[in-house]
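Enquirer: Have a look at this one before I ask anything.
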Amino acid sequence: MKNDRVNIDGYGDNLTINNIKIGDLSPEDHENIEKKHGGNNYSPLENVVVSHVKDSSTLICRKPGLTNIEKYVESELLDGLCCYSAVNQGQLNQTIVDAVIHHLSEEKLPTVPRSIRHKYMSAFLLAVSSFTKMDRVVPKVAGVESWELTFKLCRRWGYDIKKIPQDKAIIVGATGNFHGRSVSAVSMSDDPDARKSFGPFVPGIELVPFNNIDALEELFDKKGEYIAAYSVEPIQGEAGVIVPDDHYWPAVSKLCKKHNILLAFDEVQTGYGRTGKNFAHQLYDVKPDLMGCGKAAGGGILPISFVAGRDDVIGTLTPGSEGSTFGGYPLASVVGIYAIKALVEENLADNALVKGRQLMDGLNEIKNDFPDKIKEVRGKGLLTAFEMFDEPYLDGHHISVALLNQGIYAKETHHTTIRLAPALTINETQVNNLLNGVRTVVKEL
């Protein structure tokens, strides 16, 4: 009889799967395994594999060896992407790590289902409702799950509270949006790559141009009685860090109140200090009715997300209408609590404001020195980007690879834009190193 057993042994570089030792693999070996056994739904940077972290902002990576004898060489990478803002508190934040170790070794309560209460859920709800200044909180896992729940809640509130005729509710989104890869999320997307061959799509969705209050008002005036919510990112991250005009969100908030339409923010990428405030909506002095958060809600240790919002909106949920096996389980609750503690006590939003200003000023200096190459610099806090002119020699992927050779990890979006969103723990010297690398790459293009 054939032996179908999977043989797993060792840890770290000694981890061995069916006699293949991970520490012996070259970057090319890793790439080949992923292409053969993975889904090929990502296009990672070539010839580089992250091995471990050195500090809160520095990755140790493996690149192809310089001789036929060595399979790889290790070098440092300044992390300019921060796992798309999932590691705002910095890699292996000590406050969060200590909490995890204590919880597993001393408290000894990793997982129980939501069908029985555990004491850490109360602590999580108290911490998050206080941090967000919201009435109620529902824990989830992945960032897209938080947006999915806001979508469902907006519809239910529309039917149960606003009294929209059944199956007639409209959720309005913005062009250029990114809320994830679920069917509902790609139904709202206008990105052809995200939508191709995944239809039919969820009905009841309409899009308006982002940062265009006139278009939104026209749609609200025309269909407001059927519109349950405007579901939108306060700053569009995946689109290339698209920052709206200062007056846009106050005007939107006023318009939503006028038409009794919910304002539902997706703060998965913009929340947790990233923009220089705990949440991006605070930059504009508005408060959403619902807010989805994720990424840094787990401090880079666990995937944690949640929806926070008004009592009358989240209060429409009933037993059986929503659930999550791992949403708010004990270990996640502890991580979520200490992710907030680290952010607040280390003043990371303030650091994002100061270091973000340093980074933006530096990027604008580079733009001024190379006006024929850099089209625009955008950002708030440490959510920043620089967009190149749309020329073949200014291709974003080429720039990402060139930055890699300068010891900087960044990744292009939409071909011409490079996002820079380092950990909120980044220091002045590291920002200068980041800017020096960008300047060198742009100069040599």
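To be explicit about the labels: the chains of the structure tokens are called A, B, and onward in the order shown, and within each one the residues are counted from 1, while ligands get numbers from 1 in the order they are shown.
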Which neighbours of Asp311 of chain A fall inside 12 Å, counting only C-alpha atoms, when residues of the same chain fewer than 6 positions from it are skipped, and could you give them as a count of residues only?
Expert: 12
Enquirer: Taking 2 positions as the minimum chain separation for residues in the same chain, which residues sit within 10 Å of segment 164-166 of chain A when counting only C-alpha atoms? Answer as a list in words.
Expert: Arg155, Arg156, Trp157, Gly158, Tyr159, Asp160, Ile161, Lys162, Lys168, Ala169, Ile170, Glu225, Tyr226, Ile227 and Ala228 of chain A
Enquirer: Mind checking which residues fall within 12 Å of Ala308 of chain A, counting only C-alpha atoms, ignoring those fewer than 4 positions away in the same chain, and posting them as an NGL selection string?
Expert: :A and (125-140 or 146-147 or 149-150 or 153 or 264-268 or 287-294 or 312-315)
Enquirer: Take the residues just selected and output them with N, CA and C atoms as a compact mmCIF listing (two decimals), in the first residue's frame.
Expert:
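out.txt, freshly written:
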```txt
# COMPACT_ATOMS: atom_id res chain seq x y z
N LEU A 125 -14.44 44.19 23.82
CA LEU A 125 -15.52 45.10 23.47
C LEU A 125 -15.36 46.44 24.19
N LEU A 126 -14.96 46.42 25.44
CA LEU A 126 -14.73 47.65 26.18
C LEU A 126 -13.59 48.46 25.57
N ALA A 127 -12.50 47.78 25.22
CA ALA A 127 -11.33 48.47 24.67
C ALA A 127 -11.64 49.08 23.30
N VAL A 128 -12.27 48.29 22.42
CA VAL A 128 -12.50 48.75 21.06
C VAL A 128 -13.58 49.83 21.01
N SER A 129 -14.65 49.67 21.78
CA SER A 129 -15.70 50.70 21.77
C SER A 129 -15.16 52.02 22.32
N SER A 130 -14.27 51.95 23.30
CA SER A 130 -13.66 53.17 23.82
C SER A 130 -12.70 53.80 22.81
N PHE A 131 -11.91 52.97 22.17
CA PHE A 131 -10.91 53.44 21.19
C PHE A 131 -11.58 54.06 19.97
N THR A 132 -12.67 53.46 19.51
CA THR A 132 -13.34 53.92 18.30
C THR A 132 -14.39 54.98 18.57
N LYS A 133 -14.78 55.15 19.85
CA LYS A 133 -15.86 56.06 20.23
C LYS A 133 -17.18 55.64 19.58
N MET A 134 -17.39 54.33 19.47
CA MET A 134 -18.61 53.79 18.88
C MET A 134 -19.42 53.03 19.94
N ASP A 135 -20.72 52.85 19.65
CA ASP A 135 -21.63 52.21 20.61
C ASP A 135 -21.40 50.70 20.72
N ARG A 136 -21.29 50.05 19.57
CA ARG A 136 -21.23 48.59 19.54
C ARG A 136 -20.10 48.11 18.62
N VAL A 137 -19.66 46.89 18.87
CA VAL A 137 -18.56 46.30 18.10
C VAL A 137 -18.87 44.84 17.82
N VAL A 138 -18.59 44.40 16.60
CA VAL A 138 -18.73 42.98 16.23
C VAL A 138 -17.37 42.49 15.72
N PRO A 139 -16.73 41.54 16.39
CA PRO A 139 -15.41 41.07 15.96
C PRO A 139 -15.49 40.11 14.78
N LYS A 140 -14.52 40.25 13.89
CA LYS A 140 -14.39 39.36 12.73
C LYS A 140 -12.92 38.94 12.62
N SER A 146 -14.89 42.44 7.62
CA SER A 146 -15.45 43.63 8.26
C SER A 146 -16.26 44.43 7.26
N TRP A 147 -15.72 44.57 6.03
CA TRP A 147 -16.48 45.29 5.02
C TRP A 147 -17.75 44.53 4.63
N LEU A 149 -19.55 42.69 6.50
CA LEU A 149 -20.55 42.87 7.54
C LEU A 149 -21.15 44.28 7.48
N THR A 150 -20.32 45.29 7.20
CA THR A 150 -20.91 46.63 7.05
C THR A 150 -21.91 46.65 5.90
N LEU A 153 -25.05 44.97 7.21
CA LEU A 153 -25.71 45.82 8.20
C LEU A 153 -26.41 47.01 7.54
N ALA A 264 -20.69 54.73 5.82
CA ALA A 264 -19.96 53.54 6.28
C ALA A 264 -18.53 53.59 5.76
N PHE A 265 -17.58 53.75 6.65
CA PHE A 265 -16.18 53.86 6.25
C PHE A 265 -15.47 52.52 6.34
N ASP A 266 -14.65 52.25 5.34
CA ASP A 266 -13.71 51.13 5.35
C ASP A 266 -12.36 51.69 5.80
N GLU A 267 -12.04 51.49 7.09
CA GLU A 267 -10.78 51.99 7.65
C GLU A 267 -9.79 50.85 7.86
N VAL A 268 -9.92 49.79 7.07
CA VAL A 268 -9.03 48.64 7.23
C VAL A 268 -7.57 49.05 7.03
N LYS A 287 -17.75 61.77 11.72
CA LYS A 287 -17.87 60.47 12.38
C LYS A 287 -18.81 59.60 11.57
N PRO A 288 -18.34 58.42 11.12
CA PRO A 288 -19.21 57.54 10.34
C PRO A 288 -20.25 56.87 11.23
N ASP A 289 -21.28 56.33 10.60
CA ASP A 289 -22.29 55.57 11.32
C ASP A 289 -21.81 54.14 11.54
N LEU A 290 -21.01 53.66 10.61
CA LEU A 290 -20.40 52.33 10.70
C LEU A 290 -18.96 52.43 10.24
N MET A 291 -18.10 51.57 10.80
CA MET A 291 -16.70 51.57 10.41
C MET A 291 -16.15 50.16 10.48
N GLY A 292 -15.51 49.72 9.41
CA GLY A 292 -14.84 48.43 9.39
C GLY A 292 -13.35 48.62 9.56
N CYS A 293 -12.74 47.84 10.45
CA CYS A 293 -11.30 47.92 10.69
C CYS A 293 -10.69 46.52 10.62
N GLY A 294 -9.40 46.47 10.31
CA GLY A 294 -8.68 45.20 10.25
C GLY A 294 -7.19 45.47 10.26
N ASP A 312 -28.24 51.67 16.82
CA ASP A 312 -29.43 51.29 16.05
C ASP A 312 -29.09 50.53 14.78
N VAL A 313 -27.84 50.64 14.32
CA VAL A 313 -27.44 49.93 13.10
C VAL A 313 -26.98 48.51 13.45
N ILE A 314 -25.99 48.41 14.34
CA ILE A 314 -25.52 47.07 14.73
C ILE A 314 -26.59 46.34 15.52
N GLY A 315 -27.47 47.10 16.15
CA GLY A 315 -28.56 46.50 16.91
C GLY A 315 -29.57 45.76 16.07
```
Enquirer: Quick check for you: according to DSSP on this backbone, which residues of segment 188-238 of chain A are classed as strand (DSSP E or B)? Reply as a list in words.
Expert: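 Going through segment 188-238 of chain A, the strand (DSSP E or B) residues come out as Ile205, Glu206, Leu207, Val208, Ile227, Ala228, Ala229, Tyr230, Ser231, Val232 and Gln236 of chain A.
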Enquirer: If you run DSSP on this backbone, which residues of segment 73-322 of chain A come out as helix (DSSP H, G or I), and could you give them as number ranges by chain?
Expert: A: 82-85, 94-107, 119-132, 143-160, 183-188, 192-195, 213-226, 248-259, 280-284, 295-298, 311-314
Enquirer: State, in Å with one decimal place, the distance from atom CA of Gly407 of chain A to atom CA of Arg378 of chain A.
Expert: 22.8 Å
Enquirer: With only C-alpha atoms as the atoms that count, which of A:Lys163, A:His259, A:Ile17, A:Thr111 lies nearest to Lys222 of chain A?
Expert: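 So, comparing all the options, the nearest one is A:His259.
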Enquirer: Can you pull out the residues contacting Ile171 of chain A? Cut-off 7 Å, using only C-alpha atoms, and skip same-chain residues under 2 positions away; I want them as a list in words.
Expert: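 These residues fall inside the cut-off: Ala169, Gly173, Gly204, Ile205, Glu206, Ile227, Ala228, Ala229, Tyr230 and Ser231 of chain A.
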Enquirer: Where does segment 328-415 of chain A meet segment 47-60 of chain A within 10 Å, residue by residue, with the nearest atom pair and distance in Å to one decimal for each, counting only C-alpha atoms, listed by chain and rising number, as a Markdown table?
Expert:
```
| residue | atom | partner | partner_atom | distance |
| --- | --- | --- | --- | --- |
| A:Val401 | CA | A:Asn47 | CA | 9.7 |
| A:Leu404 | CA | A:Val48 | CA | 8.8 |
| A:Gly407 | CA | A:Leu59 | CA | 9.6 |
| A:Ile408 | CA | A:Thr58 | CA | 9.2 |
| A:Tyr409 | CA | A:Leu59 | CA | 8.8 |
```
Enquirer: Quick one: pull the distance between atom CA of Phe370 of chain A and atom CA of Asn432 of chain A, Å, one decimal.
Expert: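 Taking atom CA of Phe370 of chain A as the start and atom CA of Asn432 of chain A as the end point, the length is 18.0 Å.
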Enquirer: Find the residues around Phe326 of chain A up to 8 Å (only C-alpha atoms counted), leave out those fewer than 5 positions away in its own chain, and share them as number ranges by chain.
Expert: A: 113, 140-141, 332
Enquirer: Restricting it to N, CA and C atoms, dump the selection as an mmCIF file, in the first residue's frame.
Expert:
```
data_model
loop_
_atom_site.group_PDB
_atom_site.id
_atom_site.type_symbol
_atom_site.label_atom_id
_atom_site.label_comp_id
_atom_site.auth_asym_id
_atom_site.auth_seq_id
_atom_site.Cartn_x
_atom_site.Cartn_y
_atom_site.Cartn_z
ATOM 1 N N PRO A 113 -15.766 28.690 21.322
ATOM 2 C CA PRO A 113 -16.697 29.248 20.342
ATOM 3 C C PRO A 113 -17.562 30.344 20.945
ATOM 4 N N LYS A 140 -14.522 40.248 13.885
ATOM 5 C CA LYS A 140 -14.394 39.361 12.729
ATOM 6 C C LYS A 140 -12.924 38.941 12.619
ATOM 7 N N VAL A 141 -12.509 38.457 11.444
ATOM 8 C CA VAL A 141 -11.135 37.967 11.270
ATOM 9 C C VAL A 141 -10.420 38.749 10.157
ATOM 10 N N ALA A 332 -7.389 36.050 20.144
ATOM 11 C CA ALA A 332 -7.561 37.219 19.284
ATOM 12 C C ALA A 332 -8.012 38.428 20.097
#
```
Enquirer: Pick out the closest residue to Asn405 of chain A from this set: A:Ser197, A:Ser75, A:Ser324, A:Gln282. Count only C-alpha atoms.
Expert: A:Ser75
Enquirer: Do you know which residues are at most 8 Å from segment 85-99 of chain A counting only C-alpha atoms, after dropping those on the same chain fewer than 2 positions away, and could you put them as number ranges by chain?
Expert: A: 53, 55-57, 81-83, 101-103, 269-270, 272-274, 294-301, 334-335, 338-339, 341-343, 348, 421-425
Enquirer: Go ahead and write the selection's residues with N, CA and C atoms as an mmCIF file, in the first residue's frame.
Expert:
```
data_model
loop_
_atom_site.group_PDB
_atom_site.id
_atom_site.type_symbol
_atom_site.label_atom_id
_atom_site.label_comp_id
_atom_site.auth_asym_id
_atom_site.auth_seq_id
_atom_site.Cartn_x
_atom_site.Cartn_y
_atom_site.Cartn_z
ATOM 1 N N VAL A 53 12.756 38.855 10.862
ATOM 2 C CA VAL A 53 12.868 40.293 11.053
ATOM 3 C C VAL A 53 14.026 40.604 11.986
ATOM 4 N N ASP A 55 14.317 44.065 13.319
ATOM 5 C CA ASP A 55 13.691 44.965 14.277
ATOM 6 C C ASP A 55 12.327 45.369 13.735
ATOM 7 N N SER A 56 11.715 46.366 14.321
ATOM 8 C CA SER A 56 10.329 46.696 13.984
ATOM 9 C C SER A 56 10.134 47.121 12.542
ATOM 10 N N SER A 57 11.181 47.598 11.894
ATOM 11 C CA SER A 57 11.054 48.095 10.520
ATOM 12 C C SER A 57 12.001 47.428 9.536
ATOM 13 N N LEU A 81 6.467 48.919 3.250
ATOM 14 C CA LEU A 81 5.084 48.563 2.922
ATOM 15 C C LEU A 81 4.290 48.135 4.142
ATOM 16 N N CYS A 82 4.981 47.548 5.126
ATOM 17 C CA CYS A 82 4.354 47.235 6.410
ATOM 18 C C CYS A 82 3.136 46.337 6.247
ATOM 19 N N CYS A 83 3.273 45.356 5.324
ATOM 20 C CA CYS A 83 2.200 44.402 5.068
ATOM 21 C C CYS A 83 0.881 45.136 4.829
ATOM 22 N N ILE A 101 2.384 35.679 24.954
ATOM 23 C CA ILE A 101 3.117 34.676 25.732
ATOM 24 C C ILE A 101 2.457 34.467 27.094
ATOM 25 N N HIS A 102 2.109 35.558 27.749
ATOM 26 C CA HIS A 102 1.465 35.448 29.061
ATOM 27 C C HIS A 102 0.127 34.730 28.954
ATOM 28 N N HIS A 103 -0.633 35.093 27.926
ATOM 29 C CA HIS A 103 -1.966 34.499 27.784
ATOM 30 C C HIS A 103 -1.890 32.989 27.564
ATOM 31 N N GLN A 269 -7.309 49.867 6.034
ATOM 32 C CA GLN A 269 -5.938 50.280 5.753
ATOM 33 C C GLN A 269 -5.593 51.641 6.348
ATOM 34 N N THR A 270 -6.594 52.490 6.534
ATOM 35 C CA THR A 270 -6.325 53.861 6.985
ATOM 36 C C THR A 270 -6.393 54.018 8.500
ATOM 37 N N TYR A 272 -5.945 52.879 12.745
ATOM 38 C CA TYR A 272 -4.875 52.535 13.693
ATOM 39 C C TYR A 272 -3.619 53.379 13.489
ATOM 40 N N GLY A 273 -3.835 54.691 13.417
ATOM 41 C CA GLY A 273 -2.726 55.634 13.431
ATOM 42 C C GLY A 273 -2.041 55.875 12.107
ATOM 43 N N ARG A 274 -2.403 55.173 11.086
ATOM 44 C CA ARG A 274 -1.687 55.219 9.816
ATOM 45 C C ARG A 274 -1.592 56.627 9.229
ATOM 46 N N GLY A 294 -9.397 46.472 10.314
ATOM 47 C CA GLY A 294 -8.678 45.202 10.252
ATOM 48 C C GLY A 294 -7.190 45.471 10.261
ATOM 49 N N LYS A 295 -6.432 44.667 9.554
ATOM 50 C CA LYS A 295 -4.982 44.809 9.433
ATOM 51 C C LYS A 295 -4.317 45.078 10.778
ATOM 52 N N ALA A 296 -3.989 46.342 11.093
ATOM 53 C CA ALA A 296 -3.253 46.652 12.317
ATOM 54 C C ALA A 296 -4.059 46.392 13.581
ATOM 55 N N ALA A 297 -5.343 46.076 13.449
ATOM 56 C CA ALA A 297 -6.137 45.685 14.622
ATOM 57 C C ALA A 297 -5.561 44.427 15.259
ATOM 58 N N GLY A 298 -4.784 43.653 14.484
ATOM 59 C CA GLY A 298 -4.132 42.456 15.003
ATOM 60 C C GLY A 298 -2.654 42.643 15.266
ATOM 61 N N GLY A 299 -2.158 43.872 15.112
ATOM 62 C CA GLY A 299 -0.772 44.171 15.451
ATOM 63 C C GLY A 299 0.265 43.390 14.677
ATOM 64 N N GLY A 300 -0.109 42.836 13.527
ATOM 65 C CA GLY A 300 0.839 42.029 12.756
ATOM 66 C C GLY A 300 1.068 40.657 13.344
ATOM 67 N N ILE A 301 0.293 40.279 14.365
ATOM 68 C CA ILE A 301 0.460 38.987 15.024
ATOM 69 C C ILE A 301 -0.641 38.010 14.624
ATOM 70 N N VAL A 334 -7.286 39.126 23.168
ATOM 71 C CA VAL A 334 -6.120 39.642 23.890
ATOM 72 C C VAL A 334 -5.196 40.407 22.948
ATOM 73 N N VAL A 335 -4.925 39.841 21.798
ATOM 74 C CA VAL A 335 -4.074 40.530 20.817
ATOM 75 C C VAL A 335 -4.708 41.853 20.413
ATOM 76 N N TYR A 338 -4.219 44.495 23.176
ATOM 77 C CA TYR A 338 -2.851 44.987 23.327
ATOM 78 C C TYR A 338 -2.331 45.665 22.061
ATOM 79 N N ALA A 339 -2.959 45.414 20.924
ATOM 80 C CA ALA A 339 -2.639 46.185 19.714
ATOM 81 C C ALA A 339 -3.049 47.639 19.913
ATOM 82 N N LYS A 341 -3.371 49.058 22.974
ATOM 83 C CA LYS A 341 -2.492 49.546 24.043
ATOM 84 C C LYS A 341 -1.152 50.020 23.478
ATOM 85 N N ALA A 342 -0.552 49.218 22.616
ATOM 86 C CA ALA A 342 0.741 49.590 22.016
ATOM 87 C C ALA A 342 0.605 50.871 21.205
ATOM 88 N N LEU A 343 -0.438 50.959 20.405
ATOM 89 C CA LEU A 343 -0.638 52.129 19.549
ATOM 90 C C LEU A 343 -0.775 53.400 20.381
ATOM 91 N N LEU A 348 1.946 56.254 18.577
ATOM 92 C CA LEU A 348 2.313 55.934 17.196
ATOM 93 C C LEU A 348 1.589 56.806 16.172
ATOM 94 N N ALA A 421 4.476 52.983 2.949
ATOM 95 C CA ALA A 421 3.697 52.975 4.186
ATOM 96 C C ALA A 421 4.446 52.159 5.237
ATOM 97 N N PRO A 422 5.532 52.708 5.762
ATOM 98 C CA PRO A 422 6.348 51.960 6.729
ATOM 99 C C PRO A 422 5.661 51.843 8.087
ATOM 100 N N ALA A 423 6.243 51.055 8.967
ATOM 101 C CA ALA A 423 5.719 50.917 10.328
ATOM 102 C C ALA A 423 5.708 52.280 11.011
ATOM 103 N N LEU A 424 4.736 52.479 11.891
ATOM 104 C CA LEU A 424 4.610 53.764 12.573
ATOM 105 C C LEU A 424 5.700 53.963 13.620
ATOM 106 N N THR A 425 6.522 52.947 13.827
ATOM 107 C CA THR A 425 7.667 53.035 14.734
ATOM 108 C C THR A 425 8.915 53.571 14.038
#
```
